[in-house]
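Peer 1: Input: one structure, supplied below.
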Amino acid sequence: MPAAEIRLEKISKRYGDLWAVREITLHIKRGEFYTFLGPSGCGKSTLLRTIAGFVSPDEGTVYLDGAPVNHIPPWERDVGMVFQNYALWPHLSVFENVAFGLRERKIPRDEIQRQVQQALEQVGLQGTERRRPSQLSGGQQQRVALARTLVIQPRALLLDEPLSNLDAKLRAEMRIELLKLQRDLGITTIYVTHDQEEALALSTRIAVMESGRVVQEGEPREIYEQPREKFVAEFVGKSNLFIGTVARAGDGIIEVKTEEGLTIRAAFSSPLLPGAAGKKVLLNIRPEAIDLLAPGEEAARLNRIAGKVAALAYQGSFVEYEIEAGGRPIKANVINPKGKRLFQRGEEVAAVFDPKDVALVS
Amino acid sequence: MAALLALLVLFILYPVVRVLWVSLSDEEGKLTLLHFANFFRRPLFREALWNSLLSGVLVVLFGSLMAVPLAYFSVRYEFRGKILLQTLATLPLVIPPFVGAVALQLILGRSGMVNLLLMRWFDWSVPFMEGLTGVVLVQTLHFFPFIMLNTAVSLSNIDPSMEEMAQNMGCRGLRLFGRITLPLMLPGYIAGSLLTFIRVIDDLGTPLMLNYKNLLAPQAYLRITTIGIDDVDGYVICVILVILSLVSLAAARKYLGLAEYATVQRGAVAARPVHGRKRFLVLLFCGLVLGISLLPHMGIFLLSFSKVWSFSILPATYTLDNYTEILFRVPHFVRNTLLYTILAAGLDVILGAAIAFLLLRSRIWGRNLLDAIATLPLAIPGVVLAVGYLRVFHGWDFPGAGAPLTSTWFILVIAYTMRRLPYTVRASYAALQQVHVSLEESAQNLGANRLKTFYKVTLPLITGGLVAGGLIAFITSSVELSSTIMLVPRFELGPISYGIYVYMQSAALGRGAGAALGVVAILLVSLGTYLTHRVFGGRAGSAFRV
Ligand SMILES: Nc1ncnc2c1ncn2[C@@H]1O[C@H](COP(=O)(O)OP(=O)(O)O)[C@@H](O)[C@H]1O
Ligand SMILES: [Mg+2]
């Protein structure tokens with residue numbers, strides 16, 4: 001299967017006054033699992049449909065394997081698409097649905113028979129050939145849609161929120177299957193989702209989108225651990241954001257005085273920081289990086305903020321606390337609570353965390 | 001509940017059952033199929049049956065040839081004048097087919113405008129309006145918008161991703177249409193065609209106006225009105241009409257049920273612009289079809305202002321006399337129509353709301369029976385209901401009325417109410433379905449009793465649906481002819497449709513006055529349609545679907 005390389009150059013698309021997609025430039029490498037991640041309405045589908053040829057961009061160029069394809073109609077692009085609602089044709093059987101693209105390609109009959117069987121086996125649906133799509137469960141329909149697209153061996157696979165119509169358990173299962181399938185086939189895949197967990201779990205790289213623009217592109221760990229914009233920090237995972245000014249810099253550590261009057265020390269690892277004192281910065285600390293101690297307890301962490309428990313929610317594998325400190329809430333997830341004592345509402349606590357867990361957003 | 005059921009049984013089920021019984025029993029009251037055997041033995045009746053089926057099929061066929069391309073253009077193409085097309089295409093619905101029949105006679109008839117011109121220029125004429133051809137022509141021009149609306153709705157109901165997926169797989173153009181679009185819109189199209197088929201074989205006015213009698217509906221009418229109320233053959237024909245309608249209706253239901261499975265999730269497929277030669281052809285086709293389908297309107301309008309119009313291309317002299325005649329000298333036609341239809345529409349709204357409420361919000365025994373009987377009128381041709389009424393109420397001094405119902409105008413109101421009841425039941429049902437029970441429950445939870453809840457919460461929320469249903473009942477009743485001409489007790493009690501029929505039949509009274517009445521009817525229907533659009537908004541088309 002010839003996996004394609006996809007390049008988008010300054011793609012813009014307008015609907016009336018609204019820029020659905022604005023000046024997006026991306027390079028998706030062969031065999032990559034690339035995700036467009038963003039809230040509903042940010043332009044993910046529009047961008048994906050531009051690649052498939054259903055939307056013609058107002059500006060910019062789409063390149064498939066180096067060749068511009070703006071003028072090539074959808075039926076000649078040879079990129080397989082899987083729609084959010086699966087778009088299985090209700091008047092055709094499962095077999096005919098999967099065979100559709102092969103018939104369009106004038107493949108001989110017994111070859112179609114063989115390839116359809118193989119595709120259905122690949123997604124674990126042998127034996128359902130004669131059924132109508134409406135007789136299948138949501139998960140099965142999803143698999144048929146996938147088989148139908150994969151059977152024509154497209155140059156790339158485009159998936160528009162393929163798991164969003166499934167229930168939570170099935171979604172988790174399909175996620176793993178999709179991952180294995182894609183890595184086995186090595187097909188270039190673009191995946192659209194608003195679910196950050198999905199994006200983090202599946203992707204080789206992620207483009208986080210907001211209002212038609214890409215705000216950050218990078219590998220999952222980069223996106224989660226070093227968000228470079230407030231939006232990314234908030235949208236991907238839970239966050240504690242602090243605005244402050246650098247009070248002191250040096251020795252691999254900077255000291256930041258926050259708006260609330262708290263002092264936070266951050267490790268000087270980020271290449272972004274010029275290290276000048278007096279500079280305004282935005283810091284992010286993930287809730288799972290924060291541990292809670294009783295007021296008298298000591299720990300070898302450089303950051304310590306005193307506060308009061310405002311709320312707590314026991315989640316089994318961790319406890320979600322909201323601490324009030326300096327007049328603002330701080331989220332802390334204390335992991336593996338088994339055997340530990342839970343702090344009660346109103347109790348005085350100290351939130352402690354390492355400087356290396358403090359991310360400089362900007 | 002019991003009262004409602006009794007009412008529907010008395011005015012819908014019982015008359016039909018009586019008709020059925022007459023056709024199935026001999027003099028001693030024993031069950032027999034003899035009458036049906038006799039029916040099929042008579043060549044005249046066999047021919048009438050065949051002609052009815054043929055006209056139904058031909059109207060659907062020719063109607064589709066006009067309607068399907070129009071529907072496709074109006075849903076999938078973007079061009080200037082598209083709104084105009086969509087508006088004009090519903091105009092044939094506002095002209096009652098029997099009015100259209102008269103108008104077309106003047107334009108396409110043997111001595112009508114077109115043939116006179118043909119004779120003058122080429123010494124040649126075309127028998128457009130003779131026999132079954134004329135009936136089919138008139139009905140096609142009247143009914144094709146039904147097919148168009150149904151086709152357009154099922155086309156725009158196709159989820160765009162169905163076609164996009166096929167394109168993604170390499171399919172396009174006509175092949176895409178044949179493999180995906182057509183199969184997906186077929187159920188809706190077939191349902192629309194079957195409903196049109198029912199209306200065609202139910203139509204009594206057109207064949208009567210064109211003086212073509214060899215169809216089922218006019219045969220039933222003639223047997224009963226000329227031979228007498230006891231003529232068994234009339235009843236047999238009625239039963240056959242009901243069977244044909246029931247079968248078509250059941251099939252339509254089945255197909256509509258099928259159509260639901262592929263409805264939209266995102267918006268419809270975007271219409272795309274057309275250019276050049278294709279655009280020219282599209283516009284030419286639309287213009288041609290609309291031009292022809294608006295001929296009846298033109299004819300009736302001209303006739304209503306003419307003193308005499310016969311054997312001439314255009315009327316010789318113009319006058320306002322016709323309008324003076326129907327508005328001042330014999331104003332009772334217009335008055336009666338307003339009285340009857342407004343009463344009937346009002347009753348329909350009340351009954352429809354009550355029935356819908358019982359169906360959706362109660363667990364009372366007999367709900368399904370109520371539903372079934374309230375839907376039945378869709379499958380009962382007007383002639384059949386009228387025959388049933390004559391059979392049941394003739395000579396029976398109705399309690400409270402002091403006379404048989406059939407000698408008062410009440411019978412017309414009752415007939416209209418019952419015939420259009422399915423519309424208001426459905427409209428109310430749909431509206432009420434949108435009102436989630438929890439809205440009512442939360443009102444009750446906050447202390448409002450059942451009655452107060454209904455007035456303060458439910459009623460305001462379903463008013464739109466009720467008004468729309470009532471308007472449709474009003475529109476369709478105001479041009480009802482099939483049961484009207486059989487049930488009008490006396491000349492002075494006749495409504496507009498009856499007046500048109502009477503004027504058109506007699507040259508002495510003057511056909512111009514009939515045409516003026518026709519224009520009034522068109523205006524009434526247009527007004528009703530306009531108001532329905534206002535109430536229904538963009539979904540107005542759904543008013544004409546079942
Ligand atoms: N065909 C269209 N016409 C008008 N507006 C559109 C159309 N398609 C998308 N939009 C608008 O463009 C924006 C981006 O849409 P979309 O790409 O579907 O977002 P996402 O897939 O991220 O939810 C939305 O505000 C949407 O309303
Ligand atoms: Mg989307």
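By order of appearance in the structure tokens: chains A, B, ..., then residues from 1 within every chain, and ligands from 1 in the order shown.
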Just list the residues in region 165-355 of chain A DSSP gives strand (DSSP E) on the backbone, as a count of residues only.
Peer 2: 83
Peer 1: Sort by chain and increasing residue number a table of all residues of chain A within 10 Å of chain B, each with its closest pair of atoms and their distance in Å to one decimal, counting only C-alpha atoms, and write it as JSON lines.
Peer 2:
{"residue": "A:Arg49", "atom": "CA", "partner": "B:Glu164", "partner_atom": "CA", "distance": 10.0}
{"residue": "A:Ala52", "atom": "CA", "partner": "B:Asn168", "partner_atom": "CA", "distance": 7.3}
{"residue": "A:Gly53", "atom": "CA", "partner": "B:Asn168", "partner_atom": "CA", "distance": 8.6}
{"residue": "A:Phe54", "atom": "CA", "partner": "B:Glu164", "partner_atom": "CA", "distance": 7.5}
{"residue": "A:Pro73", "atom": "CA", "partner": "B:Gln167", "partner_atom": "CA", "distance": 8.7}
{"residue": "A:Pro74", "atom": "CA", "partner": "B:Asn168", "partner_atom": "CA", "distance": 5.6}
{"residue": "A:Trp75", "atom": "CA", "partner": "B:Gly170", "partner_atom": "CA", "distance": 3.9}
{"residue": "A:Glu76", "atom": "CA", "partner": "B:Gly170", "partner_atom": "CA", "distance": 6.1}
{"residue": "A:Arg77", "atom": "CA", "partner": "B:Asn168", "partner_atom": "CA", "distance": 7.7}
{"residue": "A:Asp78", "atom": "CA", "partner": "B:Asn168", "partner_atom": "CA", "distance": 7.1}
{"residue": "A:Val79", "atom": "CA", "partner": "B:Asn168", "partner_atom": "CA", "distance": 7.1}
{"residue": "A:Gly80", "atom": "CA", "partner": "B:Asn168", "partner_atom": "CA", "distance": 6.5}
{"residue": "A:Met81", "atom": "CA", "partner": "B:Asn168", "partner_atom": "CA", "distance": 6.7}
{"residue": "A:Val82", "atom": "CA", "partner": "B:Met165", "partner_atom": "CA", "distance": 7.9}
{"residue": "A:Phe83", "atom": "CA", "partner": "B:Ser161", "partner_atom": "CA", "distance": 7.2}
{"residue": "A:Gln84", "atom": "CA", "partner": "B:Ser161", "partner_atom": "CA", "distance": 9.2}
{"residue": "A:Asn85", "atom": "CA", "partner": "B:Gln265", "partner_atom": "CA", "distance": 8.1}
{"residue": "A:Tyr86", "atom": "CA", "partner": "B:Ser161", "partner_atom": "CA", "distance": 8.4}
{"residue": "A:Ala87", "atom": "CA", "partner": "B:Met162", "partner_atom": "CA", "distance": 5.2}
{"residue": "A:Leu88", "atom": "CA", "partner": "B:Met162", "partner_atom": "CA", "distance": 7.0}
{"residue": "A:Trp89", "atom": "CA", "partner": "B:Met162", "partner_atom": "CA", "distance": 6.4}
{"residue": "A:Pro90", "atom": "CA", "partner": "B:Ala262", "partner_atom": "CA", "distance": 6.7}
{"residue": "A:His91", "atom": "CA", "partner": "B:Pro183", "partner_atom": "CA", "distance": 7.0}
{"residue": "A:Leu92", "atom": "CA", "partner": "B:Ile180", "partner_atom": "CA", "distance": 9.3}
{"residue": "A:Asn97", "atom": "CA", "partner": "B:Ala166", "partner_atom": "CA", "distance": 9.8}
{"residue": "A:Phe100", "atom": "CA", "partner": "B:Met169", "partner_atom": "CA", "distance": 7.4}
{"residue": "A:Gly101", "atom": "CA", "partner": "B:Met169", "partner_atom": "CA", "distance": 4.8}
{"residue": "A:Leu102", "atom": "CA", "partner": "B:Met169", "partner_atom": "CA", "distance": 8.3}
{"residue": "A:Arg103", "atom": "CA", "partner": "B:Met169", "partner_atom": "CA", "distance": 9.5}
{"residue": "A:Glu104", "atom": "CA", "partner": "B:Gly170", "partner_atom": "CA", "distance": 6.1}
{"residue": "A:Arg105", "atom": "CA", "partner": "B:Gly170", "partner_atom": "CA", "distance": 7.6}
{"residue": "A:Ser134", "atom": "CA", "partner": "B:Tyr261", "partner_atom": "CA", "distance": 8.3}
{"residue": "A:Ala145", "atom": "CA", "partner": "B:Met165", "partner_atom": "CA", "distance": 9.9}
{"residue": "A:Arg148", "atom": "CA", "partner": "B:Met169", "partner_atom": "CA", "distance": 9.0}
{"residue": "A:Thr149", "atom": "CA", "partner": "B:Met169", "partner_atom": "CA", "distance": 7.7}
{"residue": "A:Ile152", "atom": "CA", "partner": "B:Met169", "partner_atom": "CA", "distance": 7.9}
{"residue": "A:Pro154", "atom": "CA", "partner": "B:Met169", "partner_atom": "CA", "distance": 9.2}
Peer 1: Show which residues sit within 12 Å of region 362-364 of chain B, as a list in words. Count only C-alpha atoms, and ignore same-chain residues fewer than 4 positions away.
Peer 2: Met1, Ala2, Leu5, Ala354, Ile355, Ala356, Phe357, Leu358, Asn368, Leu369, Leu370 and Val437 of chain B
Peer 1: Keeping N, CA and C atoms for every residue in the selection just given, could you write it to a file as a PDB file, in the first residue's frame?
Peer 2:
ATOM      1  N   MET B   1     -63.977   9.988  25.631  1.00  0.00           N
ATOM      2  CA  MET B   1     -63.411   8.921  24.797  1.00  0.00           C
ATOM      3  C   MET B   1     -64.512   8.121  24.121  1.00  0.00           C
ATOM      4  N   ALA B   2     -65.464   7.663  24.960  1.00  0.00           N
ATOM      5  CA  ALA B   2     -66.567   6.877  24.400  1.00  0.00           C
ATOM      6  C   ALA B   2     -67.370   7.718  23.419  1.00  0.00           C
ATOM      7  N   LEU B   5     -65.418   8.095  20.186  1.00  0.00           N
ATOM      8  CA  LEU B   5     -65.440   6.850  19.431  1.00  0.00           C
ATOM      9  C   LEU B   5     -66.801   6.658  18.774  1.00  0.00           C
ATOM     10  N   ALA B 354     -58.281  16.561  20.421  1.00  0.00           N
ATOM     11  CA  ALA B 354     -58.758  15.617  21.439  1.00  0.00           C
ATOM     12  C   ALA B 354     -58.234  14.210  21.142  1.00  0.00           C
ATOM     13  N   ILE B 355     -58.343  13.812  19.885  1.00  0.00           N
ATOM     14  CA  ILE B 355     -57.898  12.455  19.529  1.00  0.00           C
ATOM     15  C   ILE B 355     -56.387  12.313  19.740  1.00  0.00           C
ATOM     16  N   ALA B 356     -55.638  13.315  19.260  1.00  0.00           N
ATOM     17  CA  ALA B 356     -54.183  13.245  19.421  1.00  0.00           C
ATOM     18  C   ALA B 356     -53.820  13.170  20.898  1.00  0.00           C
ATOM     19  N   PHE B 357     -54.528  13.946  21.712  1.00  0.00           N
ATOM     20  CA  PHE B 357     -54.248  13.948  23.144  1.00  0.00           C
ATOM     21  C   PHE B 357     -54.491  12.563  23.739  1.00  0.00           C
ATOM     22  N   LEU B 358     -55.626  11.967  23.360  1.00  0.00           N
ATOM     23  CA  LEU B 358     -55.927  10.631  23.879  1.00  0.00           C
ATOM     24  C   LEU B 358     -54.895   9.612  23.411  1.00  0.00           C
ATOM     25  N   ASN B 368     -56.173   2.464  19.878  1.00  0.00           N
ATOM     26  CA  ASN B 368     -55.760   2.042  18.539  1.00  0.00           C
ATOM     27  C   ASN B 368     -56.930   2.040  17.570  1.00  0.00           C
ATOM     28  N   LEU B 369     -58.078   1.644  18.076  1.00  0.00           N
ATOM     29  CA  LEU B 369     -59.283   1.646  17.246  1.00  0.00           C
ATOM     30  C   LEU B 369     -59.593   3.078  16.820  1.00  0.00           C
ATOM     31  N   LEU B 370     -59.496   3.985  17.788  1.00  0.00           N
ATOM     32  CA  LEU B 370     -59.745   5.400  17.511  1.00  0.00           C
ATOM     33  C   LEU B 370     -58.805   5.890  16.418  1.00  0.00           C
ATOM     34  N   VAL B 437     -43.470  15.046  27.718  1.00  0.00           N
ATOM     35  CA  VAL B 437     -44.337  14.920  28.890  1.00  0.00           C
ATOM     36  C   VAL B 437     -43.740  15.645  30.092  1.00  0.00           C
TER      37      VAL B 437
END
Peer 1: List all protein, DNA and RNA residues that have any atom at most 9 Å from ligand 2, counting only C-alpha atoms and all ligand atoms, and write the list as a tab-separated table (two decimals) with N, CA and C atoms, in the first residue's frame.
Peer 2:
chain	number	residue	atom	x	y	z
A	40	SER	N	-15.60	21.61	19.16
A	40	SER	CA	-16.56	21.57	18.06
A	40	SER	C	-16.66	22.94	17.39
A	41	GLY	N	-16.63	22.93	16.06
A	41	GLY	CA	-16.77	24.18	15.31
A	41	GLY	C	-15.46	24.88	15.03
A	42	CYS	N	-14.31	24.25	15.36
A	42	CYS	CA	-13.04	24.94	15.17
A	42	CYS	C	-12.48	24.75	13.76
A	43	GLY	N	-13.15	23.93	12.94
A	43	GLY	CA	-12.73	23.81	11.55
A	43	GLY	C	-12.03	22.51	11.20
A	44	LYS	N	-12.05	21.54	12.12
A	44	LYS	CA	-11.38	20.26	11.87
A	44	LYS	C	-11.97	19.56	10.64
A	45	SER	N	-13.31	19.41	10.64
A	45	SER	CA	-13.94	18.70	9.53
A	45	SER	C	-13.71	19.42	8.22
A	46	THR	N	-13.80	20.73	8.25
A	46	THR	CA	-13.59	21.50	7.03
A	46	THR	C	-12.21	21.21	6.46
A	48	LEU	N	-10.34	18.57	6.99
A	48	LEU	CA	-10.27	17.18	6.53
A	48	LEU	C	-10.97	17.03	5.18
A	84	GLN	N	-18.29	10.37	10.34
A	84	GLN	CA	-18.72	10.27	11.73
A	84	GLN	C	-19.95	9.37	11.88
A	160	ASP	N	-13.17	11.08	10.41
A	160	ASP	CA	-13.82	12.23	11.04
A	160	ASP	C	-14.60	11.78	12.27
A	161	GLU	N	-14.06	12.01	13.43
A	161	GLU	CA	-14.67	11.61	14.70
A	161	GLU	C	-15.30	10.22	14.63
A	192	VAL	N	-9.68	13.07	13.11
A	192	VAL	CA	-10.29	14.28	13.65
A	192	VAL	C	-11.03	13.94	14.92
A	193	THR	N	-10.77	14.68	15.98
A	193	THR	CA	-11.49	14.41	17.22
A	193	THR	C	-11.52	15.65	18.12
A	194	HIS	N	-12.50	15.67	19.02
A	194	HIS	CA	-12.49	16.73	20.03
A	194	HIS	C	-12.13	16.15	21.39
Peer 1: List the spatial neighbours of region 319-334 of chain A as a list in words - criterion: any atom at most 9 Å away, only C-alpha atoms, same-chain residues fewer than 5 positions off excluded.
Peer 2: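 Result of the neighbour search: Lys238, Ser239, Asn240, Leu241, Glu260, Gly261, Leu262, Arg286, Pro287, Glu288, Ala289, Ile290, Asp291, Leu292, Ile305, Ala306, Gly307, Lys308, Val309, Ala310, Ala311, Leu312, Ala313, Tyr314, Leu342, Phe343, Val349 and Ala351 of chain A.
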Peer 1: If we count only C-alpha atoms and set the cut-off at 8 Å, which residues sit around Glu210 (chain A), ignoring sequence neighbours fewer than 2 positions away in its own chain? Please answer as a list of chain:residue names.
Peer 2: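 Final neighbour list, sorted by chain and number: A:Gly38, A:Pro39, A:Cys42, A:Gly43, A:Val208, A:Gly212, A:Arg213, A:Val214, A:Val215.
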Peer 1: Using only C-alpha atoms and all ligand atoms, find the one residue out of B:Phe454, B:Ala270, B:Ala415, B:Ile83 that sits nearest to ligand 1.
Peer 2: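 Among B:Phe454, B:Ala270, B:Ala415, B:Ile83, it is B:Ala270 that comes nearest to ligand 1.
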